[in-house]
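J.: Got a structure for you, start-v6.cif, holding mmCIF, C-alpha atoms and all ligand atoms.
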```cif
data_upload
loop_
_atom_site.label_atom_id
_atom_site.label_comp_id
_atom_site.auth_asym_id
_atom_site.auth_seq_id
_atom_site.Cartn_x
_atom_site.Cartn_y
_atom_site.Cartn_z
CA MET A 81 166.74 219.48 15.51
CA LEU A 82 167.87 215.91 14.93
CA GLY A 83 170.34 214.56 17.47
CA VAL A 84 169.31 216.85 20.34
CA VAL A 85 168.70 214.79 23.45
CA ASN A 86 165.36 215.42 25.12
CA ASP A 87 165.88 215.27 28.89
CA HIS A 88 162.65 217.07 29.73
CA VAL A 89 159.80 214.87 28.58
CA ARG A 90 159.63 212.06 31.11
CA LEU A 91 158.49 208.53 30.52
CA ARG A 92 156.32 207.10 33.29
CA PRO A 93 158.71 205.54 35.84
CA GLN A 94 156.98 202.16 35.39
CA ILE A 95 157.71 202.27 31.67
CA GLU A 96 161.37 203.19 32.19
CA ALA A 97 161.69 200.19 34.51
CA LEU A 98 159.99 197.68 32.18
CA PRO A 99 161.75 194.37 31.65
CA ALA A 100 162.34 193.65 27.97
CA TYR A 101 160.06 191.17 26.22
CA VAL A 102 162.65 189.06 24.42
CA PRO A 103 161.03 187.36 21.43
CA GLY A 104 162.11 183.87 20.47
CA ALA A 105 165.19 184.13 18.25
CA ARG A 106 164.67 183.81 14.50
CA PRO A 107 167.00 181.19 13.08
CA SER A 108 169.05 181.83 10.01
CA GLY A 109 169.22 179.29 7.20
CA SER A 110 167.65 175.90 7.69
CA ALA A 111 167.71 175.73 11.49
CA PHE A 112 164.54 174.63 13.29
CA LYS A 113 162.73 177.40 15.17
CA LEU A 114 161.77 175.90 18.52
CA SER A 115 161.77 179.22 20.38
CA SER A 116 158.22 180.62 20.23
CA ASN A 117 155.84 177.67 20.71
CA GLU A 118 154.57 178.06 17.18
CA ASN A 119 152.79 175.43 15.13
CA PRO A 120 155.30 173.95 12.67
CA PHE A 121 152.57 173.22 10.08
CA PRO A 122 151.84 175.99 7.57
CA PRO A 123 148.11 176.80 7.21
CA PRO A 124 146.00 174.38 5.14
CA PRO A 125 145.13 175.56 1.59
CA SER A 126 141.58 176.63 2.52
CA ILE A 127 142.96 179.10 5.06
CA VAL A 128 145.53 180.43 2.61
CA ALA A 129 142.72 180.89 0.05
CA ALA A 130 140.65 182.83 2.60
CA ILE A 131 143.65 185.06 3.32
CA ILE A 132 144.20 185.78 -0.37
CA ASP A 133 140.50 186.56 -0.86
CA ALA A 134 140.43 188.84 2.14
CA ALA A 135 143.49 190.71 0.86
CA GLN A 136 141.28 192.15 -1.94
CA GLU A 137 139.57 194.31 0.67
CA THR A 138 142.55 195.81 2.41
CA ASN A 139 141.62 199.30 1.20
CA ARG A 140 138.72 199.11 3.70
CA TYR A 141 138.80 199.08 7.48
CA PRO A 142 137.89 195.72 8.94
CA ASP A 143 134.65 195.03 10.83
CA MET A 144 135.55 196.79 14.09
CA TYR A 145 133.87 194.22 16.32
CA ALA A 146 134.77 191.16 14.21
CA THR A 147 131.08 190.27 14.32
CA GLU A 148 131.10 187.15 12.16
CA LEU A 149 134.20 185.75 13.85
CA THR A 150 132.88 186.55 17.32
CA GLU A 151 129.64 184.72 16.51
CA ALA A 152 131.52 181.75 15.05
CA ILE A 153 133.77 181.45 18.12
CA ALA A 154 130.78 181.71 20.45
CA ALA A 155 128.92 178.99 18.52
CA HIS A 156 132.05 176.81 18.45
CA ILE A 157 132.54 176.86 22.20
CA GLY A 158 128.90 177.20 23.27
CA VAL A 159 128.65 180.67 24.82
CA ASP A 160 126.73 183.83 23.79
CA ALA A 161 128.34 186.10 21.20
CA ASP A 162 128.20 189.03 23.65
CA GLN A 163 130.50 187.02 25.95
CA VAL A 164 133.37 186.96 23.43
CA VAL A 165 135.82 189.79 22.68
CA VAL A 166 138.33 189.27 19.88
CA GLY A 167 141.67 191.10 19.81
CA ASN A 168 145.03 191.40 18.12
CA GLY A 169 146.47 188.24 19.69
CA SER A 170 145.55 187.15 23.20
CA VAL A 171 148.44 189.21 24.56
CA ALA A 172 146.64 192.36 23.36
CA VAL A 173 143.39 191.08 24.83
CA LEU A 174 145.20 190.58 28.14
CA SER A 175 146.33 194.22 28.03
CA HIS A 176 142.76 195.32 27.37
CA ILE A 177 141.58 193.25 30.33
CA LEU A 178 144.14 194.83 32.64
CA GLU A 179 143.30 198.32 31.37
CA ALA A 180 139.64 197.64 32.10
CA PHE A 181 140.07 196.27 35.66
CA VAL A 182 143.31 197.58 37.19
CA ASN A 183 143.32 200.93 38.98
CA PRO A 184 146.69 202.65 39.53
CA GLY A 185 148.61 200.71 42.17
CA ASP A 186 146.27 197.70 42.20
CA GLU A 187 147.96 194.33 42.53
CA VAL A 188 147.92 191.59 39.93
CA VAL A 189 148.91 188.17 41.25
CA PHE A 190 150.45 185.47 39.07
CA GLY A 191 152.76 182.49 39.33
CA TRP A 192 156.40 182.99 38.44
CA ARG A 193 158.05 181.95 36.32
CA SER A 194 155.23 182.28 33.82
CA PHE A 195 154.46 184.09 30.55
CA GLU A 196 156.94 186.94 30.36
CA ALA A 197 154.39 189.39 28.99
CA TYR A 198 152.51 189.38 32.33
CA PRO A 199 154.71 191.77 34.35
CA ILE A 200 155.07 194.05 31.31
CA ALA A 201 151.33 194.25 30.66
CA VAL A 202 150.66 194.81 34.38
CA ALA A 203 153.16 197.69 34.59
CA VAL A 204 151.83 199.29 31.40
CA ALA A 205 148.31 199.15 32.87
CA GLY A 206 149.60 200.92 36.01
CA GLY A 207 149.37 197.89 38.31
CA GLU A 208 151.84 196.16 40.62
CA SER A 209 152.95 192.61 39.85
CA VAL A 210 152.85 190.10 42.70
CA ARG A 211 154.89 187.07 41.61
CA VAL A 212 154.24 183.84 43.50
CA PRO A 213 157.02 181.24 43.06
CA LEU A 214 156.11 177.97 41.32
CA LEU A 215 156.37 174.73 43.26
CA ASP A 216 159.89 173.34 43.09
CA GLY A 217 159.06 169.67 43.55
CA ALA A 218 161.23 169.39 46.68
CA ALA A 219 158.30 167.85 48.59
CA ASP A 220 157.56 165.05 46.13
CA ASP A 221 160.71 164.08 44.28
CA GLY A 222 160.16 166.55 41.50
CA ALA A 223 156.57 165.50 40.67
CA SER A 224 155.16 168.99 41.28
CA ALA A 225 158.11 170.92 39.84
CA GLY A 226 157.08 173.81 37.63
CA ARG A 227 153.44 173.72 38.78
CA LEU A 228 151.51 176.80 39.90
CA ASP A 229 151.22 177.03 43.69
CA LEU A 230 147.54 177.97 43.76
CA ALA A 231 147.38 177.83 47.58
CA ALA A 232 150.20 180.39 47.82
CA MET A 233 148.55 182.47 45.10
CA ALA A 234 145.33 182.57 47.15
CA ASP A 235 147.41 183.55 50.21
CA ALA A 236 148.93 186.41 48.18
CA ILE A 237 145.55 188.06 47.53
CA THR A 238 145.07 191.30 49.50
CA ASP A 239 142.56 194.16 49.56
CA ARG A 240 144.59 195.70 46.76
CA THR A 241 144.36 192.69 44.43
CA ALA A 242 142.32 193.40 41.29
CA VAL A 243 143.26 190.45 39.08
CA VAL A 244 144.82 186.99 39.34
CA LEU A 245 146.36 185.39 36.23
CA VAL A 246 146.27 181.59 36.09
CA CYS A 247 148.36 180.28 33.20
CA THR A 248 147.40 176.67 32.47
CA PRO A 249 149.35 174.97 30.98
CA ASN A 250 151.98 177.24 32.45
CA ASN A 251 154.40 178.82 29.99
CA PRO A 252 157.34 178.01 30.11
CA THR A 253 157.19 175.00 32.46
CA GLY A 254 154.22 173.09 30.98
CA PRO A 255 152.02 171.64 33.78
CA VAL A 256 148.29 172.32 34.10
CA VAL A 257 146.38 173.13 37.27
CA ARG A 258 144.16 170.25 38.43
CA VAL A 259 140.41 170.71 38.69
CA ASP A 260 140.39 170.05 42.47
CA GLU A 261 143.15 172.63 43.04
CA LEU A 262 141.36 175.21 40.91
CA ASP A 263 138.03 174.65 42.70
CA ALA A 264 139.71 175.07 46.10
CA PHE A 265 141.51 178.17 44.85
CA LEU A 266 138.39 179.81 43.40
CA ALA A 267 136.51 179.17 46.64
CA ARG A 268 139.10 181.39 48.36
CA VAL A 269 139.13 184.23 45.79
CA PRO A 270 136.95 187.21 46.76
CA ARG A 271 134.09 187.78 44.34
CA ASP A 272 135.38 191.21 43.33
CA VAL A 273 138.75 189.85 42.16
CA LEU A 274 138.90 188.95 38.47
CA VAL A 275 140.51 185.59 37.64
CA VAL A 276 141.95 185.28 34.13
CA ILE A 277 142.52 181.68 33.10
CA ASP A 278 145.06 181.88 30.27
CA GLU A 279 144.49 178.83 28.11
CA ALA A 280 146.80 179.63 25.19
CA TYR A 281 147.80 175.95 24.97
CA LEU A 282 144.39 174.45 25.80
CA GLU A 283 144.13 172.20 22.74
CA PHE A 284 147.33 170.31 23.64
CA VAL A 285 146.08 169.28 27.10
CA ARG A 286 145.50 165.55 27.60
CA ASP A 287 145.58 165.29 31.42
CA PRO A 288 142.13 164.05 32.55
CA GLN A 289 142.57 165.99 35.80
CA ALA A 290 142.73 169.30 33.92
CA PRO A 291 139.67 171.50 34.50
CA ASP A 292 136.98 172.11 31.89
CA ALA A 293 137.45 175.85 31.94
CA LEU A 294 134.10 176.57 30.28
CA ALA A 295 132.35 174.77 33.14
CA VAL A 296 134.45 176.76 35.61
CA PHE A 297 133.48 179.94 33.73
CA ALA A 298 129.80 179.00 33.94
CA ASP A 299 130.05 178.56 37.73
CA HIS A 300 132.13 181.64 38.55
CA PRO A 301 131.05 185.13 37.39
CA ASN A 302 134.52 186.54 38.21
CA VAL A 303 136.35 184.10 35.89
CA VAL A 304 137.29 184.93 32.31
CA LEU A 305 139.07 182.70 29.78
CA LEU A 306 141.83 183.84 27.46
CA ARG A 307 142.38 181.86 24.26
CA THR A 308 144.28 182.17 20.99
CA PHE A 309 144.45 181.11 17.36
CA SER A 310 148.26 181.35 17.50
CA LYS A 311 149.18 177.89 18.75
CA ALA A 312 146.94 174.90 17.92
CA TYR A 313 145.28 176.84 15.08
CA GLY A 314 148.64 177.86 13.62
CA LEU A 315 147.84 181.53 12.99
CA ALA A 316 150.55 183.18 15.12
CA GLY A 317 151.50 185.45 12.23
CA LEU A 318 148.02 186.95 11.95
CA ARG A 319 147.42 187.78 15.64
CA VAL A 320 143.97 186.64 16.73
CA GLY A 321 143.03 185.93 20.34
CA TYR A 322 139.90 186.31 22.43
CA VAL A 323 138.45 186.44 25.91
CA VAL A 324 135.29 184.76 27.15
CA ALA A 325 133.64 186.87 29.87
CA ARG A 326 130.24 187.78 31.31
CA LYS A 327 128.55 190.39 29.09
CA ARG A 328 129.11 193.39 31.44
CA LEU A 329 132.80 192.54 31.74
CA ALA A 330 133.10 191.79 28.02
CA ASP A 331 131.57 195.20 27.22
CA GLY A 332 134.19 196.87 29.42
CA ILE A 333 137.04 194.97 27.78
CA ARG A 334 135.69 195.82 24.31
CA ALA A 335 135.64 199.49 25.31
CA THR A 336 139.39 199.48 25.98
CA ALA A 337 140.33 197.65 22.77
CA THR A 338 142.27 199.22 19.91
CA PRO A 339 139.74 200.38 17.30
CA PHE A 340 139.84 198.08 14.24
CA GLY A 341 142.52 196.07 16.06
CA VAL A 342 142.03 192.81 14.17
CA SER A 343 142.57 193.02 10.41
CA HIS A 344 140.05 191.69 7.89
CA VAL A 345 142.65 189.18 6.70
CA ALA A 346 143.10 187.89 10.24
CA GLN A 347 139.35 187.70 10.86
CA GLN A 348 138.78 185.75 7.64
CA ALA A 349 141.69 183.40 8.34
CA ALA A 350 140.36 182.62 11.83
CA LEU A 351 136.90 182.00 10.38
CA ALA A 352 138.42 179.66 7.81
CA ALA A 353 140.29 177.87 10.60
CA LEU A 354 137.02 177.26 12.44
CA ARG A 355 135.76 175.51 9.29
CA VAL A 356 138.63 172.99 9.29
CA THR A 357 138.92 172.19 12.97
CA ASP A 358 139.04 168.44 12.25
CA GLU A 359 142.15 168.88 10.14
CA LEU A 360 143.74 171.22 12.69
CA GLU A 361 142.94 168.80 15.51
CA GLU A 362 144.73 166.00 13.62
CA ARG A 363 147.82 168.20 13.53
CA VAL A 364 147.49 168.87 17.23
CA GLU A 365 147.29 165.11 17.78
CA ALA A 366 150.51 164.66 15.81
CA LEU A 367 152.19 167.34 17.94
CA VAL A 368 150.98 165.69 21.14
CA ALA A 369 152.57 162.43 19.94
CA GLU A 370 155.75 164.29 19.06
CA ARG A 371 155.73 165.89 22.52
CA ALA A 372 155.62 162.41 24.07
CA ARG A 373 158.61 161.37 21.97
CA LEU A 374 160.57 164.44 23.06
CA VAL A 375 159.70 164.05 26.76
CA ASP A 376 160.32 160.30 26.76
CA GLY A 377 163.61 160.78 24.94
CA LEU A 378 164.77 163.35 27.47
CA ARG A 379 163.71 161.21 30.43
CA GLU A 380 165.52 158.20 28.96
CA GLN A 381 168.62 160.36 28.92
CA GLY A 382 168.09 160.97 32.64
CA TRP A 383 166.65 164.49 32.57
CA THR A 384 163.96 165.51 35.03
CA VAL A 385 161.42 167.50 33.04
CA PRO A 386 158.07 168.78 34.38
CA GLN A 387 154.91 167.08 33.13
CA THR A 388 154.06 169.22 30.10
CA GLU A 389 150.57 169.54 28.67
CA ALA A 390 151.54 172.20 26.12
CA ASN A 391 153.51 172.25 22.86
CA PHE A 392 156.83 172.79 24.63
CA VAL A 393 159.11 171.19 27.16
CA TRP A 394 161.06 172.86 29.98
CA LEU A 395 164.61 171.79 30.65
CA PRO A 396 165.98 173.23 33.90
CA LEU A 397 169.66 173.90 33.17
CA GLY A 398 170.50 176.61 35.71
CA ASP A 399 173.89 178.18 35.04
CA ARG A 400 174.39 176.16 31.88
CA THR A 401 171.36 177.70 30.17
CA ALA A 402 173.12 180.21 27.92
CA THR A 403 175.85 177.79 26.82
CA CYS A 404 173.40 174.99 26.09
CA ALA A 405 171.07 177.30 24.14
CA ALA A 406 174.03 178.48 22.05
CA GLU A 407 175.11 174.89 21.39
CA ALA A 408 171.59 173.89 20.35
CA ALA A 409 171.42 176.87 17.98
CA ALA A 410 174.82 176.02 16.50
CA ALA A 411 173.56 172.48 15.91
CA GLY A 412 170.46 173.81 14.12
CA ALA A 413 167.79 173.92 16.86
CA VAL A 414 166.97 177.42 18.08
CA VAL A 415 165.40 177.19 21.54
CA ARG A 416 164.35 179.78 24.11
CA PRO A 417 166.76 180.40 26.99
CA PHE A 418 165.63 181.94 30.30
CA ALA A 419 168.92 183.20 31.71
CA GLY A 420 170.17 181.17 34.65
CA GLU A 421 167.00 179.05 34.79
CA GLY A 422 166.54 176.78 31.82
CA ILE A 423 165.47 176.45 28.22
CA ARG A 424 162.04 176.01 26.71
CA VAL A 425 161.92 173.80 23.64
CA SER A 426 158.88 173.97 21.37
CA VAL A 427 157.55 170.75 19.92
CA GLY A 428 158.08 170.95 16.18
CA GLU A 429 159.01 168.73 13.28
CA ARG A 430 160.04 165.11 13.83
CA GLU A 431 163.56 165.88 12.62
CA ALA A 432 163.72 168.78 15.08
CA THR A 433 162.98 166.40 17.97
CA ASP A 434 165.66 163.98 16.76
CA LEU A 435 168.18 166.78 16.43
CA PHE A 436 167.41 168.30 19.83
CA LEU A 437 167.57 164.92 21.58
CA LYS A 438 170.98 164.33 20.04
CA VAL A 439 172.24 167.68 21.34
CA ALA A 440 170.69 167.23 24.81
CA ALA A 441 172.42 163.86 25.16
CA THR A 442 175.78 165.62 24.95
CA TRP A 443 174.88 167.73 28.01
CA ARG A 444 174.41 164.77 30.35
N1 LIG B 501 149.42 183.40 26.85
C1 LIG B 501 150.45 182.58 26.94
C2 LIG B 501 150.60 181.73 28.14
C3 LIG B 501 151.39 182.50 25.91
O1 LIG B 501 152.43 181.68 26.02
C4 LIG B 501 151.22 183.31 24.76
C5 LIG B 501 152.17 183.28 23.59
N2 LIG B 501 153.47 183.10 23.83
C6 LIG B 501 150.13 184.16 24.74
C7 LIG B 501 149.25 184.19 25.79
C8 LIG B 501 149.92 185.14 23.63
O2 LIG B 501 149.61 184.58 22.43
P1 LIG B 501 149.03 185.45 21.25
O3 LIG B 501 149.20 186.90 21.57
O4 LIG B 501 149.81 185.04 20.07
O5 LIG B 501 147.59 185.08 21.17
#
```
Let's see the structure in the file written out as structure tokens.
Ligand code: PMP
T.:
Amino acid sequence: MLGVVNDHVRLRPQIEALPAYVPGARPSGSAFKLSSNENPFPPPPSIVAAIIDAAQETNRYPDMYATELTEAIAAHIGVDADQVVVGNGSVAVLSHILEAFVNPGDEVVFGWRSFEAYPIAVAVAGGESVRVPLLDGAADDGASAGRLDLAAMADAITDRTAVVLVCTPNNPTGPVVRVDELDAFLARVPRDVLVVIDEAYLEFVRDPQAPDALAVFADHPNVVLLRTFSKAYGLAGLRVGYVVARKRLADGIRATATPFGVSHVAQQAALAALRVTDELEERVEALVAERARLVDGLREQGWTVPQTEANFVWLPLGDRTATCAAEAAAAGAVVRPFAGEGIRVSVGEREATDLFLKVAATWR
């Protein structure tokens, strides 16, 4: 009967205790949406045409293993097709990875603050999150603020550790890990611990000290790479991500995936995106330039912001976070607040940068 409370069927305790995943707010009216690290450019016409074409076939299930797309990704990045597993956004692929490698009670180590889906996905998979604080910059006048503390993350590995998540650039703070740090870290990780390098923002990285993750993957059989079409490729709305892993591991991840998890429309759009990478890279270049304008503008105002290599900037505001986020929204720039810590501002349109800089100046 409707309205009768069911007190008998129990949720798993880990699910009852889950923190909420708060999506970036959707602005009303003409406000700029700078809350979800999306690409502000709508897809180029050739991608829209591929989407429309693919829509004709929505009475059919999609290719379950996204064969053509998997092969195209593998060719694009120079690995074997059996080393790529495509999923419904890289966040779903991450869940599949954890389901494949985490036994009940196993530990998953990651830096914190980082991508908020991590502790949720770990709990859903039955694991225990081990959060290692980011560097605070106290030792070097703020230079290392917001960076992953890879040495402390290596220290945090125990016999119960199944997986380590390395988010680079780190969401929401922005810095990348350096190649020397990553090498030293990987030398300390036991060979039976899986290391997931989450490169959602890879295409925005310009720091020459950032690692070439594919080379790292080639050298380390326990490393997998997580990538997405949501950010640089501008397909957040269609949900396509993938993992690059050794064949045996890839087979295991594929086995846990949702059957037919990536729609035909999404597969065709991602394929179309791989045909116009030059055009998409030009847009990324424009966003990297816009990022520099935003960071420089904030620093000129006197803010200390971490070195960002992604399409967002972290502004540590502490107790003022909620008020500042509300003021930015009222002014027409919807940003992402992390209560009591700071706000993350996505790099978007030129006018959005101008507007946000104007608002931030009033907080000094
Ligand atoms: N990893 C990181 C670090 C992210 O910030 C995001 C998106 N916010 C994702 C993965 C997931 O992206 P998607 O599921 O859209 O591929």
J.: Applying 8 Å and all atoms listed in the file, which residues near Leu374 (chain A) remain after dropping the ones on its own chain fewer than 5 positions away? List them as a VMD selection string.
T.: chain A and resid 427 433 437
J.: Throw together the list of residues within 7 Å of ligand LIG 501 (chain B), counting only C-alpha atoms and all ligand atoms, and drop it here as a list in words.
T.: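 Checked against 7 Å with only C-alpha atoms and all ligand atoms; the hits are Ser116, Asn117, Gly169, Ser170, Val171, Ala172, Phe195, Cys247, Asn250, Asn251, Asp278, Glu279, Ala280, Arg307, Thr308, Phe309, Ser310, Ala316, Arg319, Val320 and Gly321 of chain A.
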J.: In Å, with one decimal, what is the gap from CA of Glu283 (chain A) to CA of Thr253 (chain A)?
T.: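 Between these atoms lies a distance of 16.5 Å.
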J.: Smallest atom-to-atom distance to Phe297 (chain A): which of A:Ala330, A:Val324, A:Leu245, A:Leu178, using all atoms listed in the file?
T.: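 Once distances to Phe297 (chain A) are computed over all atoms listed in the file, the minimum belongs to A:Val324.
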J.: Nearest residue to Gly412 (chain A) out of A:Trp383, A:Phe112, A:Phe392, A:Tyr101, using only C-alpha atoms?
T.: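 Comparing A:Trp383, A:Phe112, A:Phe392, A:Tyr101 against Gly412 (chain A), the winner is A:Phe112.
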J.: Between CA of Gln289 (chain A) and CA of Val259 (chain A), what is the spacing in Å?
T.: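 Between CA of Val259 (chain A) and CA of Gln289 (chain A) the gap is 5.9 Å.
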J.: Tell me which protein, DNA and RNA residues are within 7 Å of region 334-351 of chain A, counting only C-alpha atoms, leaving out same-chain ones fewer than 3 positions away, and put them as a CSV table (one decimal) with C-alpha atoms, keeping the file's coordinate frame.
T.:
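Dumped everything to result_4.csv:
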```csv
chain,number,residue,atom,x,y,z
A,127,ILE,CA,143.0,179.1,5.1
A,130,ALA,CA,140.6,182.8,2.6
A,131,ILE,CA,143.6,185.1,3.3
A,134,ALA,CA,140.4,188.8,2.1
A,135,ALA,CA,143.5,190.7,0.9
A,141,TYR,CA,138.8,199.1,7.5
A,142,PRO,CA,137.9,195.7,8.9
A,143,ASP,CA,134.6,195.0,10.8
A,144,MET,CA,135.6,196.8,14.1
A,146,ALA,CA,134.8,191.2,14.2
A,149,LEU,CA,134.2,185.8,13.8
A,165,VAL,CA,135.8,189.8,22.7
A,167,GLY,CA,141.7,191.1,19.8
A,168,ASN,CA,145.0,191.4,18.1
A,176,HIS,CA,142.8,195.3,27.4
A,179,GLU,CA,143.3,198.3,31.4
A,180,ALA,CA,139.6,197.6,32.1
A,318,LEU,CA,148.0,187.0,12.0
A,319,ARG,CA,147.4,187.8,15.6
A,320,VAL,CA,144.0,186.6,16.7
A,330,ALA,CA,133.1,191.8,28.0
A,331,ASP,CA,131.6,195.2,27.2
A,354,LEU,CA,137.0,177.3,12.4
A,355,ARG,CA,135.8,175.5,9.3
```
J.: Pick out the closest residue to Gly226 (chain A) from this set: A:Arg286, A:Arg140, A:Arg328, A:Arg193. Count all atoms listed in the file.
T.: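 Answer, going by the shortest atom-to-atom distance: A:Arg193.
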J.: I'd like the interatomic distance between CA of Ala100 (chain A) and CA of Pro255 (chain A), to a tenth of an Å.
T.: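 We find that CA of Ala100 (chain A) and CA of Pro255 (chain A) lie 25.0 Å from each other.
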J.: My list of candidates is A:Thr388, A:Gln381, A:Ser209, A:Gln163. Which is closest to Trp192 (chain A) when distances are computed with all atoms listed in the file?
T.: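 Of the candidates, the smallest distance to Trp192 (chain A) is held by A:Ser209.
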J.: Which is closer to Ser110 (chain A) than all the others in A:Ala225, A:Ala155, A:Ala409, A:Ala440, using all atoms listed in the file?
T.: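 Under the stated criterion, the closest residue is A:Ala409.
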